[in-house]
>>> print(open('data_24.txt').read())   # compact mmCIF, C-alpha atoms
# COMPACT_ATOMS: atom_id res chain seq x y z
CA MET A 1 -2.40 4.75 -2.51
CA CYS A 2 -3.08 1.08 -2.14
CA ILE A 3 -6.76 1.04 -3.03
CA ALA A 4 -8.32 -2.17 -4.25
CA LEU A 5 -10.94 -2.30 -6.99
CA GLU A 6 -14.35 -3.86 -6.66
CA GLY A 7 -15.52 -6.51 -9.10
CA LYS A 8 -17.86 -9.46 -9.49
CA VAL A 9 -16.74 -13.03 -10.04
CA LEU A 10 -18.09 -14.41 -13.32
CA LYS A 11 -16.25 -17.71 -13.43
CA VAL A 12 -13.82 -19.68 -11.28
CA LYS A 13 -11.28 -22.13 -12.65
CA GLY A 14 -8.88 -23.57 -10.11
CA LYS A 15 -6.98 -20.72 -8.50
CA GLU A 16 -8.05 -18.22 -11.12
CA ALA A 17 -11.24 -16.24 -11.47
CA LEU A 18 -12.71 -14.11 -14.21
CA VAL A 19 -13.78 -10.83 -12.63
CA ASP A 20 -15.99 -8.13 -14.10
CA PHE A 21 -14.88 -4.63 -13.07
CA GLY A 22 -17.73 -2.93 -14.87
CA ASN A 23 -15.88 -1.58 -17.83
CA ILE A 24 -13.41 -4.41 -18.18
CA ARG A 25 -12.96 -8.10 -17.35
CA ARG A 26 -9.77 -9.65 -16.05
CA GLU A 27 -8.46 -13.08 -15.09
CA VAL A 28 -7.24 -12.66 -11.50
CA ILE A 29 -5.63 -14.87 -8.88
CA ALA A 30 -7.93 -16.49 -6.33
CA GLU A 31 -5.22 -18.36 -4.47
CA PHE A 32 -5.55 -16.68 -1.10
CA LEU A 33 -9.32 -16.53 -0.75
CA LYS A 34 -11.89 -19.06 -1.89
CA VAL A 35 -14.47 -17.49 -4.18
CA GLN A 36 -17.44 -18.64 -6.22
CA LYS A 37 -19.45 -17.30 -9.12
CA GLY A 38 -21.46 -14.25 -8.09
CA ASP A 39 -19.15 -13.19 -5.25
CA LYS A 40 -18.29 -9.52 -4.99
CA VAL A 41 -14.56 -9.12 -4.55
CA MET A 42 -11.89 -6.52 -3.94
CA VAL A 43 -8.85 -7.01 -6.16
CA PHE A 44 -5.43 -5.41 -6.11
CA ASN A 45 -2.45 -6.22 -8.28
CA ASN A 46 -4.37 -9.12 -9.83
CA PHE A 47 -5.01 -10.79 -6.45
CA ILE A 48 -8.41 -11.21 -4.81
CA ILE A 49 -7.95 -9.99 -1.24
CA GLU A 50 -11.55 -9.66 0.01
CA ARG A 51 -14.94 -11.12 -0.87
CA TRP A 52 -18.57 -10.91 0.25
CA ARG A 53 -21.64 -12.81 -0.81
CA ASP A 54 -24.69 -10.65 -0.42
CA SER A 55 -25.64 -7.04 -0.93
CA SER A 56 -23.78 -5.79 2.15
CA LYS A 57 -20.88 -3.44 1.63
CA PRO A 58 -17.28 -4.53 2.12
CA ALA A 59 -15.75 -4.21 5.56
CA GLY A 60 -14.42 -0.70 4.95
CA GLY A 61 -11.96 1.29 6.99
CA PHE A 62 -10.58 1.12 10.48
CA ASN A 63 -12.14 3.00 13.33
CA MET A 64 -10.43 3.19 16.72
CA ALA A 65 -13.62 2.74 18.69
CA ALA A 66 -15.50 0.29 16.53
CA GLY A 67 -12.78 -1.55 14.68
CA PHE A 68 -13.83 -1.88 11.06
CA VAL A 69 -16.61 0.33 9.81
CA LYS A 70 -18.59 0.09 6.60
CA THR A 71 -17.54 3.31 5.03
CA ARG A 72 -15.48 2.26 2.07
CA ARG A 73 -16.16 4.12 -1.10
CA ARG A 74 -16.42 1.74 -4.00
CA PHE A 75 -14.94 1.99 -7.45
CA MET B 1 -22.91 -11.21 5.54
CA VAL B 2 -19.66 -9.67 6.70
CA SER B 3 -16.95 -9.66 4.10
CA LYS B 4 -14.03 -12.02 4.38
CA PHE B 5 -10.44 -10.93 3.99
CA MET B 6 -7.53 -13.09 3.01
CA LYS B 7 -5.27 -14.05 5.90
CA ILE B 8 -3.06 -11.13 6.87
CA LEU B 9 0.31 -11.91 8.43
CA PRO B 10 1.52 -9.95 11.47
CA ILE B 11 3.84 -7.00 10.86
CA LYS B 12 7.16 -7.41 12.63
CA ASP B 13 8.51 -3.93 11.83
CA LYS B 14 5.48 -1.68 12.27
CA GLU B 15 7.47 1.54 12.24
CA LEU B 16 9.08 0.83 8.88
CA PHE B 17 5.72 -0.22 7.44
CA LEU B 18 4.14 3.03 8.60
CA ARG B 19 6.95 5.15 7.15
CA TYR B 20 5.81 3.89 3.75
CA ALA B 21 2.06 3.62 4.41
CA ILE B 22 1.31 6.89 6.26
CA PRO B 23 2.19 9.24 3.35
CA CYS B 24 -0.88 8.12 1.39
CA GLY B 25 -3.04 7.89 4.50
CA LYS B 26 -4.55 11.30 3.74
CA VAL B 27 -6.15 9.75 0.65
CA LEU B 28 -7.75 7.05 2.81
CA VAL B 29 -8.97 9.77 5.20
CA SER B 30 -10.55 11.68 2.33
CA ARG B 31 -12.29 8.48 1.21
CA GLY B 32 -13.69 7.88 4.70
CA GLU B 33 -11.65 4.71 5.15
CA LEU B 34 -9.42 6.00 7.93
CA GLU B 35 -9.95 8.44 10.78
CA LYS B 36 -7.81 11.56 10.62
CA GLU B 37 -7.14 11.30 14.34
CA LEU B 38 -5.86 7.76 13.98
CA LEU B 39 -3.59 8.72 11.10
CA GLU B 40 -2.17 11.57 13.19
CA ARG B 41 -1.61 9.24 16.14
CA LEU B 42 0.22 6.77 13.96
CA GLY B 43 2.33 9.56 12.44
CA SER B 44 3.17 10.88 15.89
CA SER B 45 4.23 7.41 17.05
CA VAL B 46 6.63 7.08 14.12
CA LYS B 47 8.07 10.57 14.69
CA THR B 48 8.63 10.10 18.39
CA GLY B 49 9.61 6.43 18.29
CA LYS B 50 6.80 5.52 20.66
CA GLU B 51 5.57 1.95 20.73
CA ILE B 52 2.79 1.39 18.20
CA GLU B 53 -0.05 -0.40 19.97
CA ILE B 54 -2.69 -0.02 17.25
CA PRO B 55 -3.12 -3.12 15.07
CA VAL B 56 -1.54 -1.64 11.97
CA GLU B 57 -2.44 -4.79 10.02
CA ASN B 58 -6.10 -3.73 10.23
CA VAL B 59 -5.56 -0.12 9.20
CA PHE B 60 -3.82 -0.47 5.83
CA ARG B 61 -5.39 -3.72 4.72
CA VAL B 62 -4.61 -3.56 1.03
CA ALA B 63 -0.91 -2.91 1.61
CA THR B 64 -0.74 -5.58 4.31
CA SER B 65 -2.52 -8.05 1.99
CA MET B 66 0.14 -7.45 -0.65
CA CYS B 67 2.93 -7.75 1.92
CA SER B 68 1.39 -11.00 3.18
CA ILE B 69 1.37 -12.44 -0.34
CA ILE B 70 5.02 -11.48 -0.81
CA ALA B 71 5.98 -12.87 2.60
CA LYS B 72 4.26 -16.19 1.88
CA GLY B 73 6.08 -16.36 -1.45
CA MET B 74 9.35 -15.88 0.43
CA GLY B 75 8.45 -18.64 2.89
CA LYS B 76 7.95 -16.21 5.79
CA ASN B 77 5.17 -16.12 8.35
CA GLU B 78 5.42 -12.42 9.18
CA ILE B 79 5.90 -9.11 7.40
CA ASP B 80 9.47 -8.09 8.12
CA ALA B 81 11.67 -5.28 6.81
CA GLU B 82 12.73 -7.26 3.74
CA VAL B 83 9.11 -7.86 2.77
CA ILE B 84 8.11 -4.23 3.40
CA ARG B 85 10.93 -2.89 1.22
CA ARG B 86 10.28 -5.44 -1.47
CA TYR B 87 6.64 -4.40 -1.66
CA PHE B 88 6.98 -0.64 -1.51
CA LEU B 89 10.24 -0.28 -3.42
CA LEU B 90 10.02 -3.08 -5.96
CA GLU B 91 6.45 -4.39 -6.34
CA HIS B 92 4.28 -1.39 -5.47
CA GLU B 93 4.69 0.33 -8.82
CA LYS B 94 3.54 -2.77 -10.67
CA ALA B 95 0.45 -2.93 -8.45
CA ILE B 96 -0.42 0.72 -9.03
CA LYS B 97 0.03 0.34 -12.78
CA TRP B 98 -2.23 -2.73 -12.75
CA ARG B 99 -4.93 -0.64 -11.13
CA GLN B 100 -4.44 2.14 -13.67
CA GLN B 101 -5.14 -0.29 -16.52
CA ILE B 102 -8.61 -0.88 -15.09
CA ARG B 103 -9.30 2.58 -13.67
CA PRO B 104 -7.22 5.01 -15.71
CA GLU B 105 -8.99 7.98 -14.10
CA LEU B 106 -7.21 7.31 -10.79
CA LYS B 107 -4.06 9.40 -10.48
CA VAL B 108 -0.93 7.38 -9.90
CA SER B 109 2.17 9.58 -9.95
CA GLU B 110 2.12 10.49 -6.25
CA CYS B 111 1.24 6.91 -5.30
CA LEU B 112 4.54 5.64 -6.53
CA VAL B 113 7.56 5.20 -4.30
CA TYR B 114 10.77 6.49 -5.82
CA PRO B 115 14.43 6.38 -4.85
CA GLY B 116 16.07 9.79 -4.88
CA ARG B 117 19.11 11.71 -3.73
CA VAL B 118 19.15 14.55 -1.22
CA ILE B 119 20.14 17.78 -2.95
CA LYS B 120 19.60 20.35 -0.21
CA ILE B 121 18.33 20.57 3.36
CA ASP B 122 16.84 23.79 4.67
CA SER B 123 14.10 25.10 6.94
CA GLN B 124 11.47 24.60 4.23
CA GLY B 125 12.16 20.90 3.92
CA ILE B 126 14.43 18.52 2.11
CA ILE B 127 14.94 18.81 -1.62
CA VAL B 128 15.27 15.41 -3.23
CA LYS B 129 16.03 14.65 -6.85
CA THR B 130 14.13 11.65 -8.22
CA LYS B 131 13.51 10.53 -11.77
CA LEU B 132 10.60 13.00 -11.80
CA GLY B 133 12.84 15.95 -10.96
CA GLU B 134 13.57 17.98 -7.83
CA LYS B 135 10.89 18.44 -5.17
CA THR B 136 10.73 19.45 -1.51
CA PHE B 137 9.74 16.61 0.83
CA ARG B 138 8.87 16.38 4.50
CA GLY B 139 11.49 14.80 6.71
CA ASP B 140 9.20 14.08 9.66
CA PHE B 141 10.13 10.41 9.79
CA ILE B 142 13.84 10.69 9.37
CA GLU B 143 16.78 12.24 11.20
CA ARG B 144 20.39 12.97 10.45
CA LEU B 145 20.09 13.23 6.69
CA GLN B 146 22.95 14.67 4.69
CA LYS B 147 23.36 16.01 1.19
CA ASN B 148 23.85 13.17 -1.34
CA ASP B 149 22.14 10.58 0.87
CA TRP B 150 19.89 8.16 -1.00
CA VAL B 151 16.30 8.07 0.24
CA SER B 152 12.94 6.65 -0.75
CA VAL B 153 10.04 9.07 -1.17
CA HIS B 154 6.28 8.57 -1.15
CA TYR B 155 3.81 11.43 -1.66
CA ASP B 156 5.30 14.39 0.25
CA TYR B 157 7.38 12.33 2.66
CA ILE B 158 10.81 10.83 2.83
CA SER B 159 10.12 7.29 4.00
CA GLU B 160 13.64 6.25 4.88
CA LYS B 161 17.30 6.48 4.05
CA ILE B 162 18.33 3.65 1.73
CA LYS B 163 21.66 2.23 0.65
CA ALA B 164 23.07 3.46 -2.64
CA SER B 165 23.28 -0.14 -3.81
CA TYR B 166 19.56 -0.61 -3.17
CA ALA B 167 18.69 2.62 -4.97
CA ASN B 168 20.80 1.52 -7.94
CA LYS B 169 19.10 -1.87 -7.92
CA ILE B 170 15.71 -0.19 -8.21
CA LEU B 171 16.87 2.25 -10.87
CA SER B 172 18.61 -0.40 -12.97
CA ARG B 173 15.54 -2.61 -12.75
CA GLU B 174 13.39 0.24 -14.04
CA ARG B 175 15.70 0.70 -17.02
CA TYR B 176 15.03 -2.87 -18.15
CA GLU B 177 11.25 -2.75 -17.74
>>> encode(input="data_24.txt", output="structure tokens")
Amino acid sequence: MCIALEGKVLKVKGKEALVDFGNIRREVIAEFLKVQKGDKVMVFNNFIIERWRDSSKPAGGFNMAAGFVKTRRRF
Amino acid sequence: MVSKFMKILPIKDKELFLRYAIPCGKVLVSRGELEKELLERLGSSVKTGKEIEIPVENVFRVATSMCSIIAKGMGKNEIDAEVIRRYFLLEHEKAIKWRQQIRPELKVSECLVYPGRVIKIDSQGIIVKTKLGEKTFRGDFIERLQKNDWVSVHYDYISEKIKASYANKILSRERYE
């Protein structure tokens, strides 16, 4: 299952970002989405693929009637 | 603030993408990320060869993000069959193992896509031998299989028939990793 992991950006250096996943920190690639310190991000295979900047939840899954719905369970 | 996704490229071969993505769709349903009805509709479209009108790019966003990254690396502006196979057959395992390093509690074995060889076909299903052993798989997405055919499997499904040379490429690559 292709499920991304949630983390928080601690530091950005060029196209790399240090992300805190709670139990572990990793340098990940921020080439495809601009991020800044404090952003919440979803990461998969070392790539940041989604970000958000306040307390709202990530976009979540797809719903036929409503498009995206905020139902994603976080890790 | 609504979250922002990286730019997702359009999928040229939606049916092939779904053959690989649908098998783990039940996990997304159980997590509340995908409607069961939608998953069934997509599965039905693949089985019957009906045109897929749903924007698949928006349904399996993590997989399409990864395919988009691969496509861009290959200088492509869409997710074609080559990109889909490269992700699911060659890069997917690396991605799943990356996730396991951070969240070891998440099960991975069924997530992985394996090449395998058809051993037997009967009314119960299709028995395929992979590196994990023999197991019965669903052949919903594939027709005209024969004993000894090479296939790719994901969860309980056979995703597609693959060339022996491609299966050997995957297997030989695994031996060196």
>>> interface_residues(input="data_24.txt", of="chain B", to="chain A", cutoff="9 Å", atoms="all atoms listed in the file", output="JSON, numbers by chain")
{"B": [1, 2, 3, 4, 5, 6, 7, 21, 23, 24, 25, 27, 28, 31, 32, 33, 34, 35, 38, 54, 58, 59, 60, 61, 62, 63, 65, 66, 69, 92, 94, 95, 96, 97, 98, 99, 102, 103, 108, 110, 111, 112]}
>>> axis_aligned_box(input="data_24.txt", around="segment 21-28 of chain A", padding_each_side="3 Å", output="lines of an AutoDock Vina configuration file")
center_x = -12.5
center_y = -7.3
center_z = -14.8
size_x = 16.5
size_y = 17.5
size_z = 12.7
>>> atom_distance(input="data_24.txt", atom1="atom CA of Ile158 of chain B", atom2="atom CA of Asp140 of chain B")
7.7 Å
>>> atom_distance(input="data_24.txt", atom1="atom CA of Val151 of chain B", atom2="atom CA of Arg117 of chain B")
6.1 Å
>>> atom_distance(input="data_24.txt", atom1="atom CA of Ile127 of chain B", atom2="atom CA of Lys147 of chain B")
9.3 Å
>>> residues_around(input="data_24.txt", residues="Asp156 of chain B", least_positions_apart="2", cutoff="8 Å", atoms="all atoms listed in the file", output="list in words")
Pro23, Thr136, Phe137, Arg138, Val153, His154 and Ile158 of chain B
>>> residues_around(input="data_24.txt", residues="Lys47 of chain B", least_positions_apart="5", cutoff="9 Å", atoms="all atoms listed in the file", output="number ranges by chain")
B: 42, 140-142
